[in-house]
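Trainee: Data: query_26.txt, compact mmCIF, C-alpha atoms.
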```
# COMPACT_ATOMS: atom_id res chain seq x y z
CA MET A 1 0.00 0.00 0.00
CA ILE A 2 1.12 3.58 -0.59
CA SER A 3 2.03 5.68 2.43
CA PRO A 4 -0.98 6.93 4.44
CA ASP A 5 0.12 10.54 3.88
CA ILE A 6 -0.05 10.14 0.10
CA ALA A 7 -3.31 8.19 0.34
CA LEU A 8 -4.86 10.97 2.41
CA ALA A 9 -3.52 13.70 0.12
CA GLN A 10 -4.94 11.95 -2.95
CA LEU A 11 -8.28 11.58 -1.18
CA VAL A 12 -8.31 15.26 -0.20
CA ASN A 13 -7.63 16.25 -3.82
CA ALA A 14 -10.30 13.93 -5.24
CA THR A 15 -12.85 15.14 -2.69
CA ALA A 16 -12.12 18.81 -3.41
CA LYS A 17 -12.61 18.19 -7.13
CA ALA A 18 -15.91 16.34 -6.65
CA TYR A 19 -17.13 18.96 -4.18
CA ALA A 20 -16.45 21.88 -6.52
CA GLN A 21 -17.33 20.52 -9.96
CA ASN A 22 -21.06 19.92 -9.41
CA ALA A 23 -21.93 22.10 -6.44
CA PRO A 24 -25.70 22.67 -6.10
CA THR A 25 -27.16 26.15 -5.95
CA TYR A 26 -30.07 25.11 -3.72
CA ILE A 27 -30.82 21.97 -1.73
CA ALA A 28 -34.26 20.87 -0.51
CA TYR A 29 -34.72 17.93 1.83
CA ARG A 30 -36.61 16.41 4.74
CA GLU A 31 -34.79 15.44 7.88
CA HIS A 32 -35.71 13.32 10.86
CA THR A 33 -33.71 13.88 14.06
CA HIS A 34 -34.13 11.61 17.07
CA ILE A 35 -32.67 13.01 20.31
CA VAL A 36 -31.98 10.89 23.39
CA GLY A 37 -30.94 12.45 26.68
CA SER A 38 -29.48 10.60 29.64
CA GLY A 39 -28.08 11.66 33.00
CA THR A 40 -29.99 14.16 35.14
CA ILE A 41 -32.68 14.29 32.45
CA ARG A 42 -33.72 11.09 30.68
CA GLN A 43 -36.04 11.75 27.75
CA GLU A 44 -36.42 11.28 24.01
CA ARG A 45 -37.67 13.66 21.35
CA ASP A 46 -38.11 13.81 17.59
CA ILE A 47 -37.57 16.91 15.45
CA ASN A 48 -38.77 16.63 11.84
CA ARG A 49 -38.31 19.46 9.36
CA TYR A 50 -38.51 20.37 5.70
CA VAL A 51 -35.47 22.48 4.79
CA VAL A 52 -34.60 24.60 1.77
CA VAL A 53 -31.07 26.01 1.79
CA ARG A 54 -28.97 28.21 -0.47
CA GLN A 55 -25.75 26.27 -0.62
CA SER A 56 -23.29 29.14 -1.12
CA ASP A 57 -23.91 30.81 2.26
CA ASN A 58 -25.96 28.19 4.15
CA ALA A 59 -29.03 30.44 4.38
CA ALA A 60 -32.07 28.26 4.98
CA VAL A 61 -35.81 28.34 5.51
CA MET A 62 -37.06 25.50 7.71
CA ARG A 63 -40.56 24.26 8.47
CA ASP A 64 -41.41 21.96 11.33
CA LEU A 65 -43.35 18.92 10.16
CA PRO A 66 -46.11 18.08 9.75
CA ASN A 67 -47.71 21.51 10.22
CA GLY A 68 -45.40 23.49 12.49
CA GLY A 69 -43.86 26.92 12.44
CA GLU A 70 -41.11 28.26 10.19
CA SER A 71 -37.69 29.61 11.00
CA GLN A 72 -34.66 30.97 9.16
CA GLY A 73 -30.96 30.48 9.78
CA GLN A 74 -28.34 27.87 8.98
CA ALA A 75 -29.66 24.57 7.62
CA PHE A 76 -30.81 22.21 10.36
CA PRO A 77 -29.00 20.42 11.84
CA ILE A 78 -26.07 20.76 9.42
CA ILE A 79 -26.02 21.57 5.71
CA PRO A 80 -25.75 18.30 3.74
CA TYR A 81 -23.14 19.82 1.41
CA PHE A 82 -19.99 19.94 3.52
CA ASN A 83 -16.41 18.97 2.74
CA PRO A 84 -14.73 18.15 6.06
CA PHE A 85 -11.27 18.37 4.44
CA THR A 86 -11.21 22.13 4.99
CA ALA A 87 -10.32 24.54 7.77
CA PHE A 88 -13.88 24.38 9.08
CA SER A 89 -15.05 25.42 12.52
CA PHE A 90 -18.25 24.83 14.42
CA SER A 91 -19.94 25.56 17.70
CA TYR A 92 -22.84 23.63 19.14
CA PHE A 93 -25.57 23.43 21.73
CA ALA A 94 -27.70 20.37 22.29
CA ASN A 95 -30.52 19.42 24.65
CA LEU A 96 -33.88 17.73 24.34
CA LYS A 97 -35.56 20.88 23.02
CA GLN A 98 -33.07 21.73 20.33
CA ILE A 99 -29.79 20.96 18.69
CA THR A 100 -27.86 23.83 17.14
CA ILE A 101 -24.66 23.46 15.15
CA THR A 102 -23.16 26.66 13.78
CA LEU A 103 -20.81 25.71 10.96
CA THR A 104 -18.24 27.81 9.11
CA ARG A 105 -17.10 26.20 5.87
CA ALA A 106 -13.82 27.20 4.25
CA ALA A 107 -12.92 26.77 0.60
CA PRO A 108 -11.51 23.32 -0.26
CA PHE A 109 -7.76 23.04 -0.63
CA THR A 110 -5.55 20.56 -2.46
CA PHE A 111 -2.06 19.17 -2.05
CA SER A 112 0.74 19.41 -4.60
CA LEU A 113 2.06 15.88 -4.82
CA PRO A 114 5.63 15.08 -5.95
CA VAL A 115 6.13 13.83 -9.49
CA ALA A 116 8.73 11.34 -10.63
CA SER A 117 12.03 12.79 -11.84
CA LYS A 118 15.12 11.08 -13.26
CA ASP A 119 17.23 13.49 -11.22
CA VAL A 120 15.74 12.39 -7.87
CA ASP A 121 16.26 8.94 -6.37
CA ALA A 122 13.41 9.19 -3.85
CA THR A 123 10.95 11.68 -2.39
CA VAL A 124 9.17 11.58 0.93
CA PHE A 125 5.80 13.30 1.19
CA TYR A 126 4.19 14.07 4.53
CA ILE A 127 1.40 16.32 5.82
CA PRO A 128 2.74 18.69 8.49
CA PHE A 129 -0.54 19.20 10.38
CA TRP A 130 -2.10 15.68 10.20
CA LYS A 131 -0.69 12.31 11.22
CA PRO A 132 -2.60 9.69 9.20
CA SER A 133 -2.31 5.93 9.57
CA TYR A 134 -4.18 2.94 8.19
CA ALA A 135 -6.85 1.29 10.32
CA PRO A 136 -6.71 -2.51 10.72
CA GLY A 137 -8.28 -4.23 7.72
CA SER A 138 -7.66 -1.30 5.39
CA SER A 139 -6.81 -2.13 1.78
CA ASP A 140 -5.92 -0.38 -1.47
CA ALA A 141 -9.46 -0.98 -2.72
CA ALA A 142 -11.16 0.23 0.45
CA PRO A 143 -8.89 2.47 2.52
CA HIS A 144 -9.77 3.34 6.10
CA LEU A 145 -7.62 6.14 7.48
CA MET A 146 -7.20 7.21 11.09
CA ILE A 147 -5.95 10.77 11.68
CA GLU A 148 -4.40 12.62 14.59
CA LEU A 149 -3.44 16.27 14.85
CA ALA A 150 0.29 16.87 14.57
CA ASN A 151 0.03 19.92 16.85
CA PRO A 152 -3.11 19.51 18.99
CA GLN A 153 -4.87 22.66 20.13
CA PRO A 154 -7.62 22.75 22.78
CA LYS A 155 -11.11 22.32 21.27
CA ALA A 156 -9.67 22.04 17.75
CA ALA A 157 -12.04 20.19 15.39
CA TYR A 158 -10.49 17.49 13.24
CA LEU A 159 -11.26 14.31 11.32
CA SER A 160 -10.28 11.22 13.28
CA ASP A 161 -11.57 8.51 10.91
CA VAL A 162 -12.24 8.40 7.17
CA VAL A 163 -13.69 5.39 5.35
CA VAL A 164 -13.48 5.49 1.55
CA ASP A 165 -16.18 4.13 -0.76
CA PRO A 166 -14.48 1.69 -3.19
CA GLN A 167 -16.95 2.67 -5.95
CA THR A 168 -16.77 6.48 -5.82
CA HIS A 169 -13.28 6.71 -4.23
CA LEU A 170 -14.71 9.44 -2.00
CA PRO A 171 -15.33 9.38 1.76
CA SER A 172 -18.43 7.39 2.72
CA HIS A 173 -18.06 7.79 6.49
CA VAL A 174 -16.16 10.35 8.54
CA VAL A 175 -15.79 10.98 12.25
CA VAL A 176 -15.24 14.53 13.51
CA LYS A 177 -13.85 15.05 16.99
CA LEU A 178 -12.82 17.95 19.20
CA GLN A 179 -9.44 17.87 20.88
CA ASP A 180 -9.80 17.24 24.65
CA ASP A 181 -13.60 17.12 24.35
CA PRO A 182 -15.96 14.11 24.33
CA THR A 183 -18.08 15.53 21.50
CA THR A 184 -18.18 13.32 18.40
CA ILE A 185 -19.94 13.88 15.07
CA THR A 186 -20.25 11.11 12.49
CA LEU A 187 -21.31 11.78 8.91
CA ASP A 188 -22.30 9.28 6.21
CA TYR A 189 -22.04 10.32 2.55
CA ALA A 190 -23.46 9.07 -0.75
CA MET A 191 -23.64 10.23 -4.36
CA LEU A 192 -27.08 11.61 -5.24
CA GLN A 193 -27.69 12.97 -8.74
CA GLY A 194 -23.95 13.31 -9.21
CA ARG A 195 -23.42 15.20 -5.96
CA TRP A 196 -21.52 14.03 -2.89
CA VAL A 197 -23.83 14.76 0.03
CA ILE A 198 -24.49 13.81 3.64
CA THR A 199 -27.33 11.30 4.02
CA HIS A 200 -27.02 10.55 7.73
CA GLY A 201 -25.31 12.06 10.74
CA ALA A 202 -25.08 11.64 14.49
CA MET A 203 -23.80 13.84 17.30
CA SER A 204 -22.86 12.74 20.81
CA THR A 205 -22.07 15.37 23.43
CA SER A 206 -22.38 16.22 27.10
CA GLN A 207 -23.96 19.43 28.37
CA THR A 208 -24.32 21.16 31.74
CA VAL A 209 -27.06 23.75 32.27
CA GLY A 210 -27.26 25.08 35.82
CA ILE A 211 -27.56 22.10 38.16
CA PHE A 212 -28.43 19.73 35.32
CA SER A 213 -25.85 17.55 33.58
CA PHE A 214 -26.84 15.26 30.75
CA HIS A 215 -25.54 13.39 27.76
CA VAL A 216 -27.26 13.97 24.42
CA VAL A 217 -27.19 11.80 21.32
CA ALA A 218 -28.86 13.22 18.21
CA ASP A 219 -29.28 11.01 15.15
CA THR A 220 -30.36 12.59 11.85
CA THR A 221 -31.49 11.00 8.58
CA TYR A 222 -31.83 13.11 5.41
CA SER A 223 -34.41 12.09 2.80
CA ASP A 224 -36.22 13.30 -0.34
CA MET A 225 -33.21 15.41 -1.30
CA SER A 226 -33.40 17.50 -4.47
CA PHE A 227 -31.30 20.26 -6.03
CA PRO A 228 -33.48 23.04 -7.48
CA ALA A 229 -31.78 25.28 -10.02
CA SER A 230 -33.72 28.34 -8.85
CA SER A 231 -34.82 29.45 -5.41
CA PRO A 232 -37.83 27.51 -4.08
CA ASP A 233 -38.45 30.32 -1.56
CA ALA A 234 -38.23 34.08 -2.14
CA ARG A 235 -36.59 34.56 1.27
CA ILE A 236 -33.41 32.86 0.05
```
Could you spell out this file's structure in structure tokens?

Mentor:
Amino acid sequence: MISPDIALAQLVNATAKAYAQNAPTYIAYREHTHIVGSGTIRQERDINRYVVVRQSDNAAVMRDLPNGGESQGQAFPIIPYFNPFTAFSFSYFANLKQITITLTRAAPFTFSLPVASKDVDATVFYIPFWKPSYAPGSSDAAPHLMIELANPQPKAAYLSDVVVDPQTHLPSHVVVKLQDDPTTITLDYAMLQGRWVITHGAMSTSQTVGIFSFHVVADTTYSDMSFPASSPDARI
């Protein structure tokens, strides 16, 4: 197998290309989020919404289903068009009444990989800010990469696991973690109408509000996704 640094760099480049070449203008979808709280408060709740979002700036109009109120803001709970191989940042709040993830997406970047030269006997490529390695059972056909931060910073968000789809050669499952924080976000991807999008996600985090401490797990499934060419709502 090639070195994990080169494998990750090639994956980053392929993902950036797929992300940019067929980016949707608008995305419409339904989402079902099931929230389970444990600890001081033990309850469950479902949040179902119809969401229309302008992809370029993540401006969305959301309607609670089946006949609830409307709201505007970032797409709930996270925009399904998101390349985690960027300098993204996010903040979050989660309890049984709501889950809010504020996401800042940066432009995708690519790596310049070394090319063979008759004047060079060998080259060694490495990524200065990530330390990738292969997970047990990984193969050339279906790579599974584990990633650590080379220079960890408190609360820094990073990808810890990336599973590659052997058909699309793009990530099919990623795990996002925060340094020195128990929060974990998992995202599952698929190709829909030629676009690489999130189809399922889950967030696990602990929260303390006043005297109450609880653990929250929110599981979201996206469905009925479409990509309108023009705005389905005058507000976006």

Trainee: Determine the nearest neighbour of Ile79 in chain A from the options A:Leu65, A:Leu149, A:Ala142, A:Ala59, counting only C-alpha atoms.

Mentor: A:Ala59

Trainee: What's the 12 Å shell around Tyr134 in chain A, counting only C-alpha atoms, without same-chain residues fewer than 3 positions away, as a PyMOL selection string?

Mentor: chain A and resi 1-8+131+137-140+142-148+160-164

Trainee: Residues proximal to (-33.4, 29.7, -6.8) were defined as those with any atom within 12 Å of that point in the file's coordinates, counting all atoms listed in the file. Which are they, as an MDAnalysis selection string?

Mentor: chainID A and resid 24:28 52:56 60 227:236

Trainee: At most 8 Å from (-21.9, 14.0, 3.4), file frame, only C-alpha atoms: which residues, as a list of chain:residue names?

Mentor: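 Protein, DNA and RNA residues close to (-21.9, 14.0, 3.4): A:Pro80, A:Tyr81, A:Phe82, A:Asn83, A:Ser172, A:His173, A:Leu187, A:Asp188, A:Tyr189, A:Ala190, A:Trp196, A:Val197, A:Ile198, A:Thr199, A:His200.
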
Trainee: In Å, rounded to a single decimal, give me how far CA of Ala18 in chain A is from CA of Ser226 in chain A.

Mentor: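 Rounded to one decimal, the two atoms are 17.7 Å apart.
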
Trainee: Show which residues sit within 10 Å of Thr86 in chain A, as a compact mmCIF listing (two decimals) with C-alpha atoms, in the coordinates of the input. Count only C-alpha atoms, and ignore same-chain residues fewer than 6 positions away.

Mentor:
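File written: around-v1.txt
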```
# COMPACT_ATOMS: atom_id res chain seq x y z
CA VAL A 12 -8.31 15.26 -0.20
CA ALA A 16 -12.12 18.81 -3.41
CA THR A 104 -18.24 27.81 9.11
CA ARG A 105 -17.10 26.20 5.87
CA ALA A 106 -13.82 27.20 4.25
CA ALA A 107 -12.92 26.77 0.60
CA PRO A 108 -11.51 23.32 -0.26
CA PHE A 109 -7.76 23.04 -0.63
CA THR A 110 -5.55 20.56 -2.46
CA TYR A 158 -10.49 17.49 13.24
```

Trainee: Could you state the separation of CA of Phe125 in chain A and CA of Thr15 in chain A in Å, given to one decimal place?

Mentor: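 These atoms are spaced 19.1 Å apart.
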
Trainee: May I ask for the distance between CA of Thr184 in chain A and CA of Asp64 in chain A, given in Å to one decimal place?

Mentor: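 The value is 25.8 Å.
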
Trainee: Which residues are near Pro166 in chain A? Cut-off 8 Å, all atoms listed in the file, ignore same chain within fewer than 3 positions. Put them as a list of chain:residue names.

Mentor: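 Near neighbours after the sequence-gap exclusion: A:Ala141, A:Ala142, A:His169, A:Leu170.
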
Trainee: Hey, what's within 12 Å of Leu178 in chain A if we count all atoms listed in the file and toss same-chain stuff fewer than 4 positions away? As a PyMOL selection string, please?

Mentor: chain A and resi 89-92+148-149+152-160+182-185+203-205

Trainee: Taking C-alpha atoms for each residue, export the selection above as an mmCIF file, in the frame of the given file.

Mentor:
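The result, written out as again.cif:
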```cif
data_model
loop_
_atom_site.group_PDB
_atom_site.id
_atom_site.type_symbol
_atom_site.label_atom_id
_atom_site.label_comp_id
_atom_site.auth_asym_id
_atom_site.auth_seq_id
_atom_site.Cartn_x
_atom_site.Cartn_y
_atom_site.Cartn_z
ATOM 1 C CA SER A 89 -15.050 25.420 12.520
ATOM 2 C CA PHE A 90 -18.250 24.830 14.420
ATOM 3 C CA SER A 91 -19.940 25.560 17.700
ATOM 4 C CA TYR A 92 -22.840 23.630 19.140
ATOM 5 C CA GLU A 148 -4.400 12.620 14.590
ATOM 6 C CA LEU A 149 -3.440 16.270 14.850
ATOM 7 C CA PRO A 152 -3.110 19.510 18.990
ATOM 8 C CA GLN A 153 -4.870 22.660 20.130
ATOM 9 C CA PRO A 154 -7.620 22.750 22.780
ATOM 10 C CA LYS A 155 -11.110 22.320 21.270
ATOM 11 C CA ALA A 156 -9.670 22.040 17.750
ATOM 12 C CA ALA A 157 -12.040 20.190 15.390
ATOM 13 C CA TYR A 158 -10.490 17.490 13.240
ATOM 14 C CA LEU A 159 -11.260 14.310 11.320
ATOM 15 C CA SER A 160 -10.280 11.220 13.280
ATOM 16 C CA PRO A 182 -15.960 14.110 24.330
ATOM 17 C CA THR A 183 -18.080 15.530 21.500
ATOM 18 C CA THR A 184 -18.180 13.320 18.400
ATOM 19 C CA ILE A 185 -19.940 13.880 15.070
ATOM 20 C CA MET A 203 -23.800 13.840 17.300
ATOM 21 C CA SER A 204 -22.860 12.740 20.810
ATOM 22 C CA THR A 205 -22.070 15.370 23.430
#
```

Trainee: I'd like the neighbourhood of Gly37 in chain A as a PDB file with C-alpha atoms, keeping the file's coordinate frame, where a residue qualifies if any of its atoms comes within 6 Å (using all atoms listed in the file), though same-chain residues fewer than 3 positions away should be ignored.

Mentor:
```pdb
ATOM      1  CA  ARG A  42     -33.720  11.090  30.680  1.00  0.00           C
ATOM      2  CA  GLN A  43     -36.040  11.750  27.750  1.00  0.00           C
ATOM      3  CA  HIS A 215     -25.540  13.390  27.760  1.00  0.00           C
ATOM      4  CA  VAL A 216     -27.260  13.970  24.420  1.00  0.00           C
TER       5      VAL A 216
END
```

Trainee: Nearest to Asp57 in chain A among A:Phe85, A:Thr220, A:Leu103, A:Pro171, with distances taken over all atoms listed in the file: which residue is it?

Mentor: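 Smallest separation from Asp57 in chain A among the options: A:Leu103.
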
Trainee: Which of these residues is nearest to Asp181 in chain A, using all atoms listed in the file: A:Gln167, A:Asp224, A:Ile78, A:Ser206?

Mentor: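 Nearest to Asp181 in chain A: A:Ser206.
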
Trainee: Of the candidates A:Asn151, A:Gln21, A:Ser38, A:Asn48, which one gets nearest to Thr221 in chain A if we count all atoms listed in the file?

Mentor: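 Nearest to Thr221 in chain A: A:Asn48.
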
Trainee: Pick from A:Val51, A:Met191, A:Ile101, A:Met225: nearest to Ser71 in chain A, with only C-alpha atoms counted?

Mentor: A:Val51

Trainee: Ranking A:Asn58, A:Thr186, A:Gln193, A:Thr33 by minimum distance to Gln72 in chain A and counting all atoms listed in the file, which one comes first?

Mentor: A:Asn58
